[in-house]
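Reproduced below: run-v4.pdb, with PDB, C-alpha atoms, pLDDT in the B column.
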ATOM      1  CA  MET I 827      65.207 -15.346  81.122  1.00 74.00           C
ATOM      2  CA  SER I 828      66.946 -17.781  78.784  1.00 89.00           C
ATOM      3  CA  ILE I 829      66.081 -20.468  76.263  1.00 94.00           C
ATOM      4  CA  PHE I 830      68.473 -23.372  75.736  1.00 97.00           C
ATOM      5  CA  LYS I 831      67.751 -25.759  72.868  1.00 96.00           C
ATOM      6  CA  PHE I 832      69.268 -29.215  72.532  1.00 97.00           C
ATOM      7  CA  ALA I 833      68.778 -32.362  70.469  1.00 95.00           C
ATOM      8  CA  SER I 834      66.758 -35.395  71.507  1.00 97.00           C
ATOM      9  CA  LEU I 835      68.884 -38.531  71.858  1.00 97.00           C
ATOM     10  CA  ALA I 836      66.027 -40.939  71.151  1.00 96.00           C
ATOM     11  CA  HIS I 837      64.079 -38.903  68.539  1.00 95.00           C
ATOM     12  CA  PRO I 838      66.593 -36.684  66.652  1.00 93.00           C
ATOM     13  CA  GLU I 839      64.625 -37.042  63.413  1.00 93.00           C
ATOM     14  CA  LYS I 840      61.421 -35.673  64.905  1.00 94.00           C
ATOM     15  CA  TYR I 841      61.786 -33.680  68.132  1.00 96.00           C
ATOM     16  CA  GLY I 842      63.955 -31.078  69.761  1.00 96.00           C
ATOM     17  CA  TYR I 843      63.992 -30.058  73.407  1.00 97.00           C
ATOM     18  CA  ALA I 844      64.434 -26.778  75.233  1.00 97.00           C
ATOM     19  CA  LEU I 845      64.829 -25.461  78.727  1.00 97.00           C
ATOM     20  CA  ASP I 846      62.958 -22.165  78.768  1.00 96.00           C
ATOM     21  CA  THR I 847      63.230 -20.200  82.016  1.00 94.00           C
ATOM     22  CA  SER I 848      60.462 -17.846  80.875  1.00 92.00           C
ATOM     23  CA  ALA I 849      57.887 -20.615  80.403  1.00 89.00           C
ATOM     24  CA  TRP I 850      55.205 -21.064  83.013  1.00 82.00           C
ATOM     25  CA  GLY I 851      52.328 -23.482  83.264  1.00 72.00           C
ATOM     26  CA  SER I 852      50.536 -25.093  86.164  1.00 64.00           C
ATOM     27  CA  SER I 853      49.501 -28.167  84.146  1.00 76.00           C
ATOM     28  CA  SER I 854      52.998 -29.516  83.452  1.00 89.00           C
ATOM     29  CA  GLU I 855      53.579 -33.176  84.312  1.00 93.00           C
ATOM     30  CA  THR I 856      57.321 -32.587  84.641  1.00 96.00           C
ATOM     31  CA  HIS I 857      58.452 -28.961  84.906  1.00 95.00           C
ATOM     32  CA  SER I 858      57.211 -25.777  83.256  1.00 94.00           C
ATOM     33  CA  TYR I 859      60.745 -25.057  81.957  1.00 96.00           C
ATOM     34  CA  TYR I 860      60.937 -28.415  80.141  1.00 97.00           C
ATOM     35  CA  ARG I 861      59.774 -27.909  76.535  1.00 96.00           C
ATOM     36  CA  GLN I 862      59.471 -30.042  73.417  1.00 96.00           C
ATOM     37  CA  PHE I 863      58.900 -29.122  69.763  1.00 96.00           C
ATOM     38  CA  GLU I 864      58.778 -30.581  66.250  1.00 95.00           C
ATOM     39  CA  THR I 865      61.891 -30.376  64.036  1.00 94.00           C
ATOM     40  CA  TYR I 866      61.030 -32.869  61.271  1.00 86.00           C
ATOM     41  CA  GLY I 867      64.720 -33.769  61.165  1.00 86.00           C
ATOM     42  CA  ASP I 868      65.828 -30.187  60.483  1.00 86.00           C
ATOM     43  CA  GLY I 869      68.462 -29.959  63.224  1.00 86.00           C
ATOM     44  CA  LEU I 870      67.174 -27.742  66.022  1.00 88.00           C
ATOM     45  CA  ILE I 871      65.031 -25.602  63.738  1.00 88.00           C
ATOM     46  CA  GLN I 872      61.645 -25.340  65.428  1.00 89.00           C
ATOM     47  CA  HIS I 873      58.777 -26.209  63.073  1.00 87.00           C
ATOM     48  CA  SER I 874      55.961 -26.039  65.611  1.00 90.00           C
ATOM     49  CA  GLY I 875      54.968 -24.368  68.815  1.00 90.00           C
ATOM     50  CA  ASP I 876      56.467 -25.956  71.906  1.00 93.00           C
ATOM     51  CA  TRP I 877      54.698 -27.821  74.670  1.00 94.00           C
ATOM     52  CA  SER I 878      55.516 -29.083  78.131  1.00 95.00           C
ATOM     53  CA  VAL I 879      57.421 -32.362  78.160  1.00 96.00           C
ATOM     54  CA  THR I 880      55.202 -35.192  79.371  1.00 96.00           C
ATOM     55  CA  PHE I 881      56.288 -37.786  81.909  1.00 97.00           C
ATOM     56  CA  ASP I 882      56.556 -40.413  79.155  1.00 97.00           C
ATOM     57  CA  PHE I 883      59.250 -38.330  77.447  1.00 98.00           C
ATOM     58  CA  LEU I 884      61.009 -37.328  80.673  1.00 98.00           C
ATOM     59  CA  THR I 885      63.721 -40.005  80.550  1.00 98.00           C
ATOM     60  CA  ASP I 886      64.860 -38.983  77.078  1.00 98.00           C
ATOM     61  CA  TYR I 887      64.569 -35.306  77.981  1.00 98.00           C
ATOM     62  CA  LEU I 888      66.826 -35.687  81.029  1.00 98.00           C
ATOM     63  CA  ALA I 889      69.343 -37.839  79.143  1.00 98.00           C
ATOM     64  CA  SER I 890      69.468 -35.244  76.358  1.00 98.00           C
ATOM     65  CA  LEU I 891      69.678 -32.445  78.926  1.00 98.00           C
ATOM     66  CA  ALA I 892      72.637 -34.171  80.616  1.00 98.00           C
ATOM     67  CA  VAL I 893      74.554 -34.251  77.335  1.00 98.00           C
ATOM     68  CA  ALA I 894      73.822 -30.567  76.722  1.00 98.00           C
ATOM     69  CA  MET I 895      74.786 -29.573  80.279  1.00 98.00           C
ATOM     70  CA  MET I 896      78.225 -31.141  79.965  1.00 97.00           C
ATOM     71  CA  ALA I 897      79.046 -28.474  77.374  1.00 95.00           C
ATOM     72  CA  ASN I 898      77.210 -25.508  78.882  1.00 97.00           C
ATOM     73  CA  ASP I 899      77.724 -24.281  82.460  1.00 96.00           C
ATOM     74  CA  GLU I 900      74.997 -21.665  82.080  1.00 97.00           C
ATOM     75  CA  LEU I 901      72.500 -24.410  81.247  1.00 97.00           C
ATOM     76  CA  VAL I 902      73.594 -26.350  84.339  1.00 97.00           C
ATOM     77  CA  GLU I 903      72.861 -23.344  86.548  1.00 96.00           C
ATOM     78  CA  ALA I 904      69.474 -22.772  84.892  1.00 96.00           C
ATOM     79  CA  ALA I 905      68.364 -26.422  85.167  1.00 97.00           C
ATOM     80  CA  ASP I 906      69.886 -27.359  88.526  1.00 96.00           C
ATOM     81  CA  TYR I 907      66.916 -26.675  90.812  1.00 93.00           C
ATOM     82  CA  SER I 908      64.447 -28.600  88.661  1.00 95.00           C
ATOM     83  CA  PHE I 909      65.982 -32.014  89.264  1.00 95.00           C
ATOM     84  CA  ARG I 910      66.923 -31.524  92.922  1.00 92.00           C
ATOM     85  CA  ARG I 911      63.398 -31.688  94.352  1.00 90.00           C
ATOM     86  CA  GLY I 912      63.885 -34.745  96.513  1.00 93.00           C
ATOM     87  CA  ALA I 913      63.500 -34.665 100.298  1.00 95.00           C
ATOM     88  CA  SER I 914      66.300 -34.645 102.860  1.00 96.00           C
ATOM     89  CA  ALA I 915      67.049 -37.710 104.984  1.00 97.00           C
ATOM     90  CA  GLU I 916      66.332 -35.643 108.098  1.00 97.00           C
ATOM     91  CA  LEU I 917      62.826 -34.696 106.938  1.00 97.00           C
ATOM     92  CA  ILE I 918      62.059 -38.259 105.867  1.00 98.00           C
ATOM     93  CA  ALA I 919      63.233 -39.626 109.216  1.00 97.00           C
ATOM     94  CA  PHE I 920      60.995 -37.164 111.041  1.00 97.00           C
ATOM     95  CA  ALA I 921      57.981 -38.114 108.910  1.00 97.00           C
ATOM     96  CA  ALA I 922      58.685 -41.800 109.567  1.00 97.00           C
ATOM     97  CA  GLY I 923      58.375 -41.093 113.280  1.00 96.00           C
ATOM     98  CA  VAL I 924      54.910 -39.563 112.946  1.00 97.00           C
ATOM     99  CA  VAL I 925      52.893 -42.637 113.941  1.00 97.00           C
ATOM    100  CA  TRP I 926      49.330 -42.712 115.261  1.00 95.00           C
ATOM    101  CA  ARG I 927      48.644 -44.296 118.648  1.00 95.00           C
ATOM    102  CA  GLU I 928      45.402 -45.503 120.237  1.00 95.00           C
ATOM    103  CA  SER I 929      45.799 -42.742 122.844  1.00 95.00           C
ATOM    104  CA  ASP I 930      45.499 -40.147 120.057  1.00 94.00           C
ATOM    105  CA  LYS I 931      41.755 -40.887 120.072  1.00 92.00           C
ATOM    106  CA  GLN I 932      41.479 -39.155 123.429  1.00 93.00           C
ATOM    107  CA  TYR I 933      40.876 -35.426 123.135  1.00 91.00           C
ATOM    108  CA  ASP I 934      43.260 -34.421 125.907  1.00 90.00           C
ATOM    109  CA  LYS I 935      46.036 -36.679 124.592  1.00 93.00           C
ATOM    110  CA  ARG I 936      45.922 -35.739 120.929  1.00 94.00           C
ATOM    111  CA  ARG I 937      49.287 -35.055 119.353  1.00 96.00           C
ATOM    112  CA  TYR I 938      50.271 -32.723 116.557  1.00 96.00           C
ATOM    113  CA  PHE I 939      53.229 -32.461 114.202  1.00 96.00           C
ATOM    114  CA  SER I 940      54.896 -29.913 111.950  1.00 96.00           C
ATOM    115  CA  THR I 941      56.904 -31.027 108.926  1.00 95.00           C
ATOM    116  CA  GLN I 942      57.880 -27.383 108.484  1.00 93.00           C
ATOM    117  CA  LEU I 943      59.598 -27.369 111.875  1.00 95.00           C
ATOM    118  CA  SER I 944      60.233 -31.130 112.175  1.00 95.00           C
ATOM    119  CA  LYS I 945      58.643 -31.034 115.625  1.00 96.00           C
ATOM    120  CA  MET I 946      55.933 -32.871 117.529  1.00 96.00           C
ATOM    121  CA  GLY I 947      53.499 -31.085 119.826  1.00 95.00           C
ATOM    122  CA  ALA I 948      50.742 -31.740 122.345  1.00 94.00           C
ATOM    123  CA  ARG I 949      47.154 -30.426 122.232  1.00 89.00           C
ATOM    124  CA  ALA I 950      48.446 -26.908 122.933  1.00 91.00           C
ATOM    125  CA  LYS I 951      49.451 -26.825 119.249  1.00 93.00           C
ATOM    126  CA  GLN I 952      45.861 -27.383 118.100  1.00 91.00           C
ATOM    127  CA  TYR I 953      45.448 -23.829 116.775  1.00 92.00           C
ATOM    128  CA  ASP I 954      49.019 -23.359 115.537  1.00 95.00           C
ATOM    129  CA  LYS I 955      48.668 -23.395 111.737  1.00 94.00           C
ATOM    130  CA  ARG I 956      52.154 -24.832 111.348  1.00 95.00           C
ATOM    131  CA  PHE I 957      50.975 -28.039 113.057  1.00 96.00           C
ATOM    132  CA  ALA I 958      48.530 -30.737 111.972  1.00 95.00           C
ATOM    133  CA  GLU I 959      46.790 -33.445 113.974  1.00 96.00           C
ATOM    134  CA  ILE I 960      48.115 -36.986 113.758  1.00 96.00           C
ATOM    135  CA  GLN I 961      45.635 -39.174 111.860  1.00 95.00           C
ATOM    136  CA  ASP I 962      45.095 -42.920 111.928  1.00 95.00           C
ATOM    137  CA  TRP I 963      46.690 -43.340 108.485  1.00 95.00           C
ATOM    138  CA  HIS I 964      50.021 -42.062 109.830  1.00 97.00           C
ATOM    139  CA  ASP I 965      51.651 -45.472 110.234  1.00 96.00           C
ATOM    140  CA  GLY I 966      55.342 -44.835 109.426  1.00 96.00           C
ATOM    141  CA  SER I 967      55.078 -46.604 106.071  1.00 97.00           C
ATOM    142  CA  ARG I 968      56.665 -45.293 102.868  1.00 98.00           C
ATOM    143  CA  SER I 969      53.239 -44.155 101.734  1.00 98.00           C
ATOM    144  CA  SER I 970      52.639 -42.269 104.972  1.00 98.00           C
ATOM    145  CA  ILE I 971      56.067 -40.607 104.743  1.00 98.00           C
ATOM    146  CA  PHE I 972      55.464 -39.628 101.127  1.00 98.00           C
ATOM    147  CA  ARG I 973      52.053 -38.109 101.819  1.00 97.00           C
ATOM    148  CA  LEU I 974      53.430 -36.128 104.758  1.00 96.00           C
ATOM    149  CA  ILE I 975      56.340 -34.509 102.927  1.00 96.00           C
ATOM    150  CA  CYS I 976      54.918 -34.103  99.436  1.00 95.00           C
ATOM    151  CA  PRO I 977      54.029 -30.466  98.672  1.00 92.00           C
ATOM    152  CA  GLU I 978      50.560 -29.387  97.632  1.00 90.00           C
ATOM    153  CA  TYR I 979      49.819 -29.775  93.895  1.00 90.00           C
ATOM    154  CA  PRO I 980      53.128 -31.418  92.921  1.00 93.00           C
ATOM    155  CA  THR I 981      54.025 -32.280  89.332  1.00 94.00           C
ATOM    156  CA  ARG I 982      54.486 -35.935  88.454  1.00 96.00           C
ATOM    157  CA  PHE I 983      58.226 -35.322  88.315  1.00 97.00           C
ATOM    158  CA  GLU I 984      58.247 -33.799  91.811  1.00 97.00           C
ATOM    159  CA  GLN I 985      56.289 -36.803  93.060  1.00 97.00           C
ATOM    160  CA  TYR I 986      58.828 -39.111  91.479  1.00 98.00           C
ATOM    161  CA  GLN I 987      61.809 -37.346  93.024  1.00 98.00           C
ATOM    162  CA  ILE I 988      60.259 -37.367  96.494  1.00 98.00           C
ATOM    163  CA  ALA I 989      59.177 -41.006  96.180  1.00 98.00           C
ATOM    164  CA  LEU I 990      62.709 -41.908  95.084  1.00 97.00           C
ATOM    165  CA  SER I 991      64.138 -40.107  98.124  1.00 98.00           C
ATOM    166  CA  VAL I 992      61.797 -42.063 100.395  1.00 98.00           C
ATOM    167  CA  GLU I 993      62.681 -45.368  98.722  1.00 97.00           C
ATOM    168  CA  ASN I 994      66.426 -44.693  98.947  1.00 97.00           C
ATOM    169  CA  TRP I 995      66.143 -43.744 102.624  1.00 98.00           C
ATOM    170  CA  ALA I 996      63.972 -46.756 103.459  1.00 98.00           C
ATOM    171  CA  GLU I 997      66.413 -49.182 101.836  1.00 97.00           C
ATOM    172  CA  LEU I 998      69.193 -47.955 104.146  1.00 97.00           C
ATOM    173  CA  GLN I 999      67.237 -48.607 107.344  1.00 97.00           C
ATOM    174  CA  ALA I1000      67.979 -51.630 109.508  1.00 96.00           C
ATOM    175  CA  LYS I1001      64.250 -52.067 110.127  1.00 94.00           C
ATOM    176  CA  TYR I1002      62.062 -52.858 107.122  1.00 96.00           C
ATOM    177  CA  ILE I1003      59.799 -49.947 106.173  1.00 97.00           C
ATOM    178  CA  PRO I1004      56.569 -51.268 104.596  1.00 97.00           C
ATOM    179  CA  THR I1005      55.217 -49.675 101.463  1.00 96.00           C
ATOM    180  CA  GLY I1006      51.737 -49.064 102.823  1.00 95.00           C
ATOM    181  CA  GLU I1007      48.744 -47.922 100.788  1.00 92.00           C
ATOM    182  CA  ARG I1008      48.690 -45.237  98.058  1.00 93.00           C
ATOM    183  CA  PHE I1009      52.426 -45.059  97.483  1.00 97.00           C
ATOM    184  CA  PRO I1010      52.766 -43.662  93.933  1.00 96.00           C
ATOM    185  CA  VAL I1011      53.505 -46.018  91.040  1.00 96.00           C
ATOM    186  CA  PHE I1012      55.233 -44.770  87.878  1.00 97.00           C
ATOM    187  CA  PHE I1013      55.264 -46.353  84.401  1.00 97.00           C
ATOM    188  CA  ASP I1014      52.869 -48.992  85.796  1.00 96.00           C
ATOM    189  CA  GLY I1015      55.809 -50.435  87.727  1.00 95.00           C
ATOM    190  CA  ASP I1016      57.872 -51.194  84.586  1.00 97.00           C
ATOM    191  CA  TYR I1017      61.323 -51.954  86.068  1.00 97.00           C
ATOM    192  CA  GLN I1018      63.365 -51.061  82.989  1.00 98.00           C
ATOM    193  CA  LYS I1019      61.667 -47.698  82.521  1.00 98.00           C
ATOM    194  CA  LEU I1020      62.026 -46.886  86.204  1.00 97.00           C
ATOM    195  CA  TYR I1021      65.699 -47.880  86.200  1.00 98.00           C
ATOM    196  CA  SER I1022      66.429 -45.762  83.116  1.00 98.00           C
ATOM    197  CA  LEU I1023      64.741 -42.701  84.595  1.00 98.00           C
ATOM    198  CA  LYS I1024      66.606 -43.145  87.869  1.00 98.00           C
ATOM    199  CA  CYS I1025      69.938 -43.369  86.013  1.00 98.00           C
ATOM    200  CA  VAL I1026      69.461 -40.275  83.840  1.00 98.00           C
ATOM    201  CA  LEU I1027      68.190 -38.250  86.787  1.00 98.00           C
ATOM    202  CA  GLN I1028      71.337 -39.215  88.685  1.00 97.00           C
ATOM    203  CA  CYS I1029      73.427 -38.198  85.646  1.00 98.00           C
ATOM    204  CA  CYS I1030      71.914 -34.706  85.751  1.00 98.00           C
ATOM    205  CA  ARG I1031      72.522 -34.445  89.475  1.00 97.00           C
ATOM    206  CA  HIS I1032      76.131 -35.625  89.125  1.00 97.00           C
ATOM    207  CA  ILE I1033      76.809 -32.960  86.488  1.00 97.00           C
ATOM    208  CA  ALA I1034      75.256 -30.255  88.664  1.00 97.00           C
ATOM    209  CA  GLU I1035      77.250 -31.411  91.691  1.00 96.00           C
ATOM    210  CA  ALA I1036      80.473 -31.477  89.648  1.00 96.00           C
ATOM    211  CA  HIS I1037      79.786 -27.933  88.457  1.00 96.00           C
ATOM    212  CA  GLU I1038      79.140 -26.822  92.030  1.00 95.00           C
ATOM    213  CA  ARG I1039      82.367 -28.426  93.272  1.00 96.00           C
ATOM    214  CA  LYS I1040      84.298 -26.859  90.409  1.00 95.00           C
ATOM    215  CA  GLN I1041      82.998 -23.462  91.536  1.00 95.00           C
ATOM    216  CA  TRP I1042      84.068 -24.224  95.117  1.00 95.00           C
ATOM    217  CA  ALA I1043      87.516 -25.217  93.887  1.00 97.00           C
ATOM    218  CA  GLN I1044      87.793 -22.047  91.811  1.00 95.00           C
ATOM    219  CA  GLY I1045      86.813 -20.016  94.871  1.00 96.00           C
ATOM    220  CA  SER I1046      89.562 -21.651  96.922  1.00 97.00           C
ATOM    221  CA  ILE I1047      92.116 -20.977  94.186  1.00 97.00           C
ATOM    222  CA  ASP I1048      90.990 -17.353  93.938  1.00 96.00           C
ATOM    223  CA  ASN I1049      91.365 -16.986  97.714  1.00 96.00           C
ATOM    224  CA  TYR I1050      94.870 -18.458  97.539  1.00 97.00           C
ATOM    225  CA  LYS I1051      95.868 -16.082  94.746  1.00 97.00           C
ATOM    226  CA  ALA I1052      94.438 -13.149  96.673  1.00 97.00           C
ATOM    227  CA  GLY I1053      96.513 -14.215  99.691  1.00 96.00           C
ATOM    228  CA  LEU I1054      99.668 -14.247  97.561  1.00 96.00           C
ATOM    229  CA  GLU I1055      98.882 -10.764  96.271  1.00 96.00           C
ATOM    230  CA  ARG I1056      98.306  -9.456  99.810  1.00 96.00           C
ATOM    231  CA  ALA I1057     101.593 -10.979 100.972  1.00 96.00           C
ATOM    232  CA  ALA I1058     103.436  -9.361  98.051  1.00 96.00           C
ATOM    233  CA  LEU I1059     101.872  -5.983  98.845  1.00 94.00           C
ATOM    234  CA  ARG I1060     102.901  -6.298 102.504  1.00 93.00           C
ATOM    235  CA  LEU I1061     106.517  -7.013 101.517  1.00 93.00           C
ATOM    236  CA  LEU I1062     106.491  -4.059  99.145  1.00 92.00           C
ATOM    237  CA  ALA I1063     105.045  -1.804 101.858  1.00 93.00           C
ATOM    238  CA  GLU I1064     107.686  -2.951 104.333  1.00 90.00           C
ATOM    239  CA  ALA I1065     110.489  -2.350 101.820  1.00 90.00           C
ATOM    240  CA  THR I1066     109.123   1.115 101.029  1.00 90.00           C
ATOM    241  CA  ALA I1067     108.827   1.973 104.738  1.00 88.00           C
ATOM    242  CA  THR I1068     112.491   0.996 105.332  1.00 79.00           C
ATOM    243  CA  GLY I1069     113.658   3.645 102.812  1.00 67.00           C
ATOM    244  CA  PRO I1070     117.139   4.409 101.392  1.00 63.00           C
ATOM    245  CA  ALA I1071     118.472   6.048 104.621  1.00 57.00           C
ATOM    246  CA  ASP I1072     117.886   2.908 106.636  1.00 58.00           C
ATOM    247  CA  SER I1073     119.592   0.844 103.952  1.00 53.00           C
ATOM    248  CA  GLU I1074     122.726   3.079 104.044  1.00 56.00           C
ATOM    249  CA  ALA I1075     122.896   2.949 107.850  1.00 56.00           C
ATOM    250  CA  ALA I1076     122.737  -0.782 107.768  1.00 53.00           C
ATOM    251  CA  SER I1077     125.710  -0.873 105.335  1.00 52.00           C
TER     252      SER I1077
END
Here is a file; write its structure as structure tokens.
Amino acid sequence: MSIFKFASLAHPEKYGYALDTSAWGSSSETHSYYRQFETYGDGLIQHSGDWSVTFDFLTDYLASLAVAMMANDELVEAADYSFRRGASAELIAFAAGVVWRESDKQYDKRRYFSTQLSKMGARAKQYDKRFAEIQDWHDGSRSSIFRLICPEYPTRFEQYQIALSVENWAELQAKYIPTGERFPVFFDGDYQKLYSLKCVLQCCRHIAEAHERKQWAQGSIDNYKAGLERAALRLLAEATATGPADSEAAS
């Protein structure tokens, strides 16, 4: 369990932020690890109890977190999972293919699906708890996709990340994917706020990905060095096995 404190970029005279891996709360709008506290301009000295960062402060929190992560690999590893909660393209594509048909009204032709397995099934799957029945609101829209893949009781931040994944996937499709009904709206649709949040979230992900690639590179270098050491040991073993007598005979 660790606590990492860092300064707010937008409110340095009033607030400080923390990522606290020991914090837990089911009512967080963003993430239970994301904390905020009063500093009254006194650096990172905490002059109040902390509280969970609200969605309105999330953009500044993530921007401030990105700055702190660039100087602290341990913080990157602690925060990484929290901002990688989007959905995979494969899962989104499967959910987009779950579309209700008129024939699904007929009892013997009902179809079922499992987002857990990314599989469709016939009526034989009716009592398999991994499968659910296709409903008439499953129309392949962005809203339908979102509702299918969103976990139960998500935070607002989890909803945002999944909705962003759906939007990004939909924009890459040759066929237009309609929005549909009940697709989540954030910041009342304020473009500038949405754009800023998208940018700082991507900053955090880029830093985490760079850290991960650096670790991969270090692993490859370590393997190369280990190979050199093994080769040197083999040469030494071969030279030792030859011995002085063999050297004299050769001369």
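The space separating CA of Glu984 (chain I) from CA of Trp963 (chain I) comes to 22.4 Å.
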* Asked: For this file, the PyMOL selection byres ((chain I and resi 973) around 10) selects which residues, as a VMD selection string?
  -> chain I and resid 921 964 967 to 972 974 to 978 985 988 to 989 1008 to 1010
Is it possible to get the axis-aligned box enclosing region 960-971 of chain I (all listed atoms, 4 Å extra per side) as JSON, with centre and edge lengths in Å rounded to one decimal?
{"center_x": 50.9, "center_y": -41.8, "center_z": 107.7, "size_x": 19.6, "size_y": 17.6, "size_z": 20.0}
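The closest residue to Ala915 (chain I), picked from I:Ala844, I:Pro980, I:Asn994, I:Phe1012 and counting all atoms listed in the file, is I:Asn994.
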Selection under test: the PyMOL selection byres ((chain I and resi 923-927) around 8); residues as a ChimeraX atom specification:
/I:919-922,928-931,939,960-966
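Neighbours of Phe909 (chain I) closer than or equal to 10 Å, with all atoms listed in the file counted and sequence neighbours fewer than 6 positions away skipped, come out as Thr856, His857, Leu888, Phe983, Glu984, Gln987, Leu1027, Gln1028, Cys1030, Arg1031 and Ala1034 of chain I.
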As a short mmCIF file (atom, residue, chain, number, x, y, z; two decimals) with C-alpha atoms, in the coordinates of the input, please: the residues near Asp906 (chain I) (cut-off 12 Å, only C-alpha atoms, same-chain neighbours under 3 positions excluded).
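New file result31.cif:
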data_model
loop_
_atom_site.label_atom_id
_atom_site.label_comp_id
_atom_site.auth_asym_id
_atom_site.auth_seq_id
_atom_site.Cartn_x
_atom_site.Cartn_y
_atom_site.Cartn_z
CA LEU I 845 64.83 -25.46 78.73
CA THR I 847 63.23 -20.20 82.02
CA TYR I 859 60.74 -25.06 81.96
CA LEU I 888 66.83 -35.69 81.03
CA LEU I 891 69.68 -32.44 78.93
CA ALA I 892 72.64 -34.17 80.62
CA MET I 895 74.79 -29.57 80.28
CA ASP I 899 77.72 -24.28 82.46
CA GLU I 900 75.00 -21.66 82.08
CA LEU I 901 72.50 -24.41 81.25
CA VAL I 902 73.59 -26.35 84.34
CA GLU I 903 72.86 -23.34 86.55
CA PHE I 909 65.98 -32.01 89.26
CA ARG I 910 66.92 -31.52 92.92
CA ARG I 911 63.40 -31.69 94.35
CA LEU I 1027 68.19 -38.25 86.79
CA GLN I 1028 71.34 -39.22 88.68
CA CYS I 1029 73.43 -38.20 85.65
CA CYS I 1030 71.91 -34.71 85.75
CA ARG I 1031 72.52 -34.44 89.48
CA HIS I 1032 76.13 -35.62 89.12
CA ILE I 1033 76.81 -32.96 86.49
CA ALA I 1034 75.26 -30.26 88.66
CA GLU I 1035 77.25 -31.41 91.69
CA ALA I 1036 80.47 -31.48 89.65
CA HIS I 1037 79.79 -27.93 88.46
CA GLU I 1038 79.14 -26.82 92.03
#
- Task: Quick one: everything within 7 Å of region 879-881 of chain I, counting all atoms listed in the file, minus sequence neighbours fewer than 5 positions away in the same chain. Send it as number ranges by chain.
- Result: I: 855-856, 860-862
Take the residues from that selection and write them out as a short mmCIF file (atom, residue, chain, number, x, y, z; two decimals), in the frame of the given file, keeping C-alpha atoms.
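Below is the file that was written, selection_23.cif:
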data_model
loop_
_atom_site.label_atom_id
_atom_site.label_comp_id
_atom_site.auth_asym_id
_atom_site.auth_seq_id
_atom_site.Cartn_x
_atom_site.Cartn_y
_atom_site.Cartn_z
CA GLU I 855 53.58 -33.18 84.31
CA THR I 856 57.32 -32.59 84.64
CA TYR I 860 60.94 -28.42 80.14
CA ARG I 861 59.77 -27.91 76.54
CA GLN I 862 59.47 -30.04 73.42
#
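Between CA of Cys1025 (chain I) and CA of Leu917 (chain I) there is a distance of 23.7 Å.
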One decimal place gives the CA of Thr885 (chain I)-CA of Lys1024 (chain I) separation as 8.5 Å
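Proximity of I:Gln942, I:Asn1049, I:Ala913, I:Lys1040 to Arg956 (chain I), computed with only C-alpha atoms, is greatest for I:Gln942.
Closest approach to Ser853 (chain I) among I:Ala950, I:Arg982, I:Leu884, I:Leu835: I:Arg982, based on only C-alpha atoms.
The shortest atom-to-atom distance to Val893 (chain I), with all atoms listed in the file taken into account, belongs to I:Lys831 out of I:Lys831, I:Asp1014, I:Ser1046, I:Tyr953.
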Using all atoms listed in the file, which residues sit within 8 Å of Glu959 (chain I) once same-chain residues fewer than 4 positions away are excluded, as a PyMOL selection string? chain I and resi 936-939+952
